[in-house]
Amino acid sequence: MKASLHKKKTSVKVPFKLLAASVLTASVLAACGGGAGGNGANTASTSNGGASQPGTQPVQSMQLTGTVAVGRAVANANVTVIDVNGKSVTASANVSGNYTASIAGLSAPFLIVAADPAGNETPLYSVVATAPDSTAPTIANVTTLTTAVTAQLTTSGNPLELTTSGQLAAQVTASSVNASVVKLRTALAPILAANGVSTTAFDPIGTAFATNHQGLDAVVDSVSVVPAPSGGTQLISIADPNSAIVLNDKTSVSATLVVPSVAADYLSPLIASLSQCLQGTSTACASAVDSTYLEAGFHSFLSAHPELSAAGVTLGDAKTLAFFAPGELMAGSNSTALVRFFYTTANGVTGNVLTVVQKTAAGTWDIVGNQVPYNVNITSGLQRRTFLDPANAPFSRYESGILIDIPLDSTNPSNVYTAVVTGPGISGAAYLVRPNASGYGSLALSTNVLTSVPATPITSDSGTNYYRFSWTALPTASSTFAPGTNNGRYSPQSVDVASIGQFARYSVSLYDSTGAQIGRTFSVVNATPVMAAATGAGIAWQSLSNDFMNAYFAPNGSLAAAQSQLTLAWSNLFGGQNIAPLVTQGLIQTQTGNGIIPLMGIDSWSQNMPTALGGGQYSVQLSAGVNEDGTAECSGCQFAAQAPGSIRYAALQWTNNGTLYMNAWRYQY
């Protein structure tokens, strides 16, 4: 994914730094790769060639139709409808999140997967259990609520479990779906009542609604589905994100979720003022942005988020991630909320900026920012690390943790050499220092564990800003990974992420080359869901093309020599369906081998969106030494040749809801 030029704090698209010596990889709850066209038009159909399941029903209704929403309409969502026999059709939602898919020739039950092509949201799911007995279109919404219903039909809490052969027929029945809706109704009872939704008539799948922050849409606004501490998913209220209901087929509801204290449309006046501000009305800016605004060192909202000033940008809706009591998120006596404001570029691409709003003494809401004095951003990451060489393959694993992004550019003090970060999940303190690799533009985690700030400059061989505190073996792995006690990139032991909690706060201090502190120590909030490594077990992973694997990784392959450019190629097919996440950026890293002085790491980040080759196949070209901002950090450099002790890896990455995912492969020769 390509980051904004200021790569801040609040930007949804924060690049992921990878380690040169240890490869990461990750994925999200499958994003739908297929789909094109608008206004809900059906765009394609495929078949896995599966035999018909016994007792299944060919449909009489020829269409499914509904709304894709998650605190806002998911414009242009890619929608895939998978039937009980593995046949599928794809469609695209319109700008209001409405879709229509032709299901002629398909048999119920159905699994519906909706993915945001802009990567602003995690994938959503829904189900239809029985074939309609009418030729009228069947309503099948795809929302946060229907995702919860679907997750409760599975043993793992992961809706993708239903893509396994035979699971749709076994687990999605009229009675099981109804039982899941009843559980959800119980959990949401006070939220339903607060928004005028009848508990007896509550049907999140089959009730038509508009995305207007009223009624059923207001209920959708009030909750989120996030990863559960032991894998799978859980349902939380944005009013109390650390009180959750775990979602699976054993879910029992003993307590209800908390009702937000404000109406779902509470930001409407602020959005109106901010829109006028972006159009040049200075009085509206004063109303929308508080005089005490501070974000990533910027005192101007538009300086902090220059993407909003681009020609043709229009402001859209907003989504509240969580509410906080006075003093809970930041110092002060005002209630606050973490909010994403969405916008559309002149080219029709949807993006968002993350910020903090506060309730003023007058009872209105304005933007106050995160009150962070420097450009430091902390987000969650999930990865799958596949080791290809025989010595390391037994240790292939999923890993999760946090990315600590401190760019070495004009948005931070030029004399920054070291950062010290403490907080939940970190053992003692994480130290970040300047990297020694070309193509890497941020502070990197120290190679070894440090206990004090260096008084003279040191550099890192790690090539990553990703601190890992949770890991678990891949199903194919045969050995247990232990990072040891002197690895600056890891907690010494895998931690229980339930102890970390949502929206954790971290203390950050910056230092110069002599070890003197720069400014004050400050707090940074992780605004993305905390995840356990076990979340990776239910992901739809991409696969690298055989040609690339054989040429780049295989010993003595056709690309074994040093290379100036490489073309990374992969497939988005998962179980025969084009539903793996849409990759936004590719990464190549190499490290020279034994006896080569100096030891040299070369990174490269792709600068263009991947090229779709058809049939779920993609590729992207990378040039050696180009960092994530597109700057060539070395002239004439090459990716290292295969040699004893050298390292090669490739990775695919994307974001959903601000969380970064990576799927990576590594070979040490």
# chains A, B, ... in the order shown; residues from 1 in each chain; ligands from 1

$ residues_around --residues "Pro229 (chain A)" --least-positions-apart "4" --cutoff "8 Å" --atoms "only C-alpha atoms" --output "list in words"
Asp496, Val497, Ala498, Met531 and Ala532 of chain A

$ residues_around --residues "region 194-198 of chain A" --least-positions-apart "2" --cutoff "7 Å" --atoms "only C-alpha atoms" --output "NGL selection string"
:A and (190-192 or 200-202 or 214-216 or 218-219)

$ atom_distance --atom1 "CA of Ile426 (chain A)" --atom2 "CA of Thr485 (chain A)"
12.8 Å

$ residues_around --residues "Ala391 (chain A)" --least-positions-apart "4" --cutoff "12 Å" --atoms "only C-alpha atoms" --output "list in words"
Phe387, Phe395, Ser396, Ala477, Ser478, Ser479, Arg666, Tyr667, Gln668 and Tyr669 of chain A

$ closest_residue --among "A:Ser126, A:Ser252, A:Val449, A:Thr138" --to "Ala187 (chain A)" --atoms "only C-alpha atoms"
A:Ser252

$ residues_around --residues "region 611-613 of chain A" --least-positions-apart "2" --cutoff "12 Å" --atoms "only C-alpha atoms" --output "ChimeraX atom specification"
/A:33-34,567-572,582-586,606-609,615-621

$ residues_around --residues "Thr233 (chain A)" --least-positions-apart "3" --cutoff "7 Å" --atoms "only C-alpha atoms" --output "list in words"
Gly157, Asn158, Val225, Val226, Pro227, Ala228, Val246 and Leu247 of chain A

$ closest_residue --among "A:Ser400, A:Ser300, A:Gln234, A:Asn94" --to "Ile367 (chain A)" --atoms "only C-alpha atoms"
A:Ser300

$ residues_around --residues "Gly484 (chain A)" --least-positions-apart "4" --cutoff "12 Å" --atoms "only C-alpha atoms" --output "list in words"
Asn448, Val449, Gly488, Arg489, Tyr490, Ser491, Pro492, Gln493 and Ser494 of chain A

$ closest_residue --among "A:Val68, A:Val368, A:Ile82, A:Ala286" --to "Phe209 (chain A)" --atoms "only C-alpha atoms"
A:Val68

$ residues_around --residues "Ile103 (chain A)" --least-positions-apart "6" --cutoff "7 Å" --atoms "only C-alpha atoms" --output "VMD selection string"
chain A and resid 62 to 64

$ write_last_selection --atoms "N, CA and C atoms" --output "PDB file, in the first residue's frame"
ATOM      1  N   MET A  62     -34.338 -15.058  -8.405  1.00  0.00           N
ATOM      2  CA  MET A  62     -33.187 -14.997  -9.284  1.00  0.00           C
ATOM      3  C   MET A  62     -32.155 -13.975  -8.831  1.00  0.00           C
ATOM      4  N   GLN A  63     -32.449 -13.255  -7.715  1.00  0.00           N
ATOM      5  CA  GLN A  63     -31.534 -12.208  -7.292  1.00  0.00           C
ATOM      6  C   GLN A  63     -31.424 -12.140  -5.776  1.00  0.00           C
ATOM      7  N   LEU A  64     -30.213 -11.827  -5.318  1.00  0.00           N
ATOM      8  CA  LEU A  64     -30.009 -11.375  -3.952  1.00  0.00           C
ATOM      9  C   LEU A  64     -29.729  -9.883  -4.013  1.00  0.00           C
TER      10      LEU A  64
END

$ closest_residue --among "A:Thr344, A:Gln653, A:Thr528, A:Asn212" --to "Pro610 (chain A)" --atoms "only C-alpha atoms"
A:Gln653
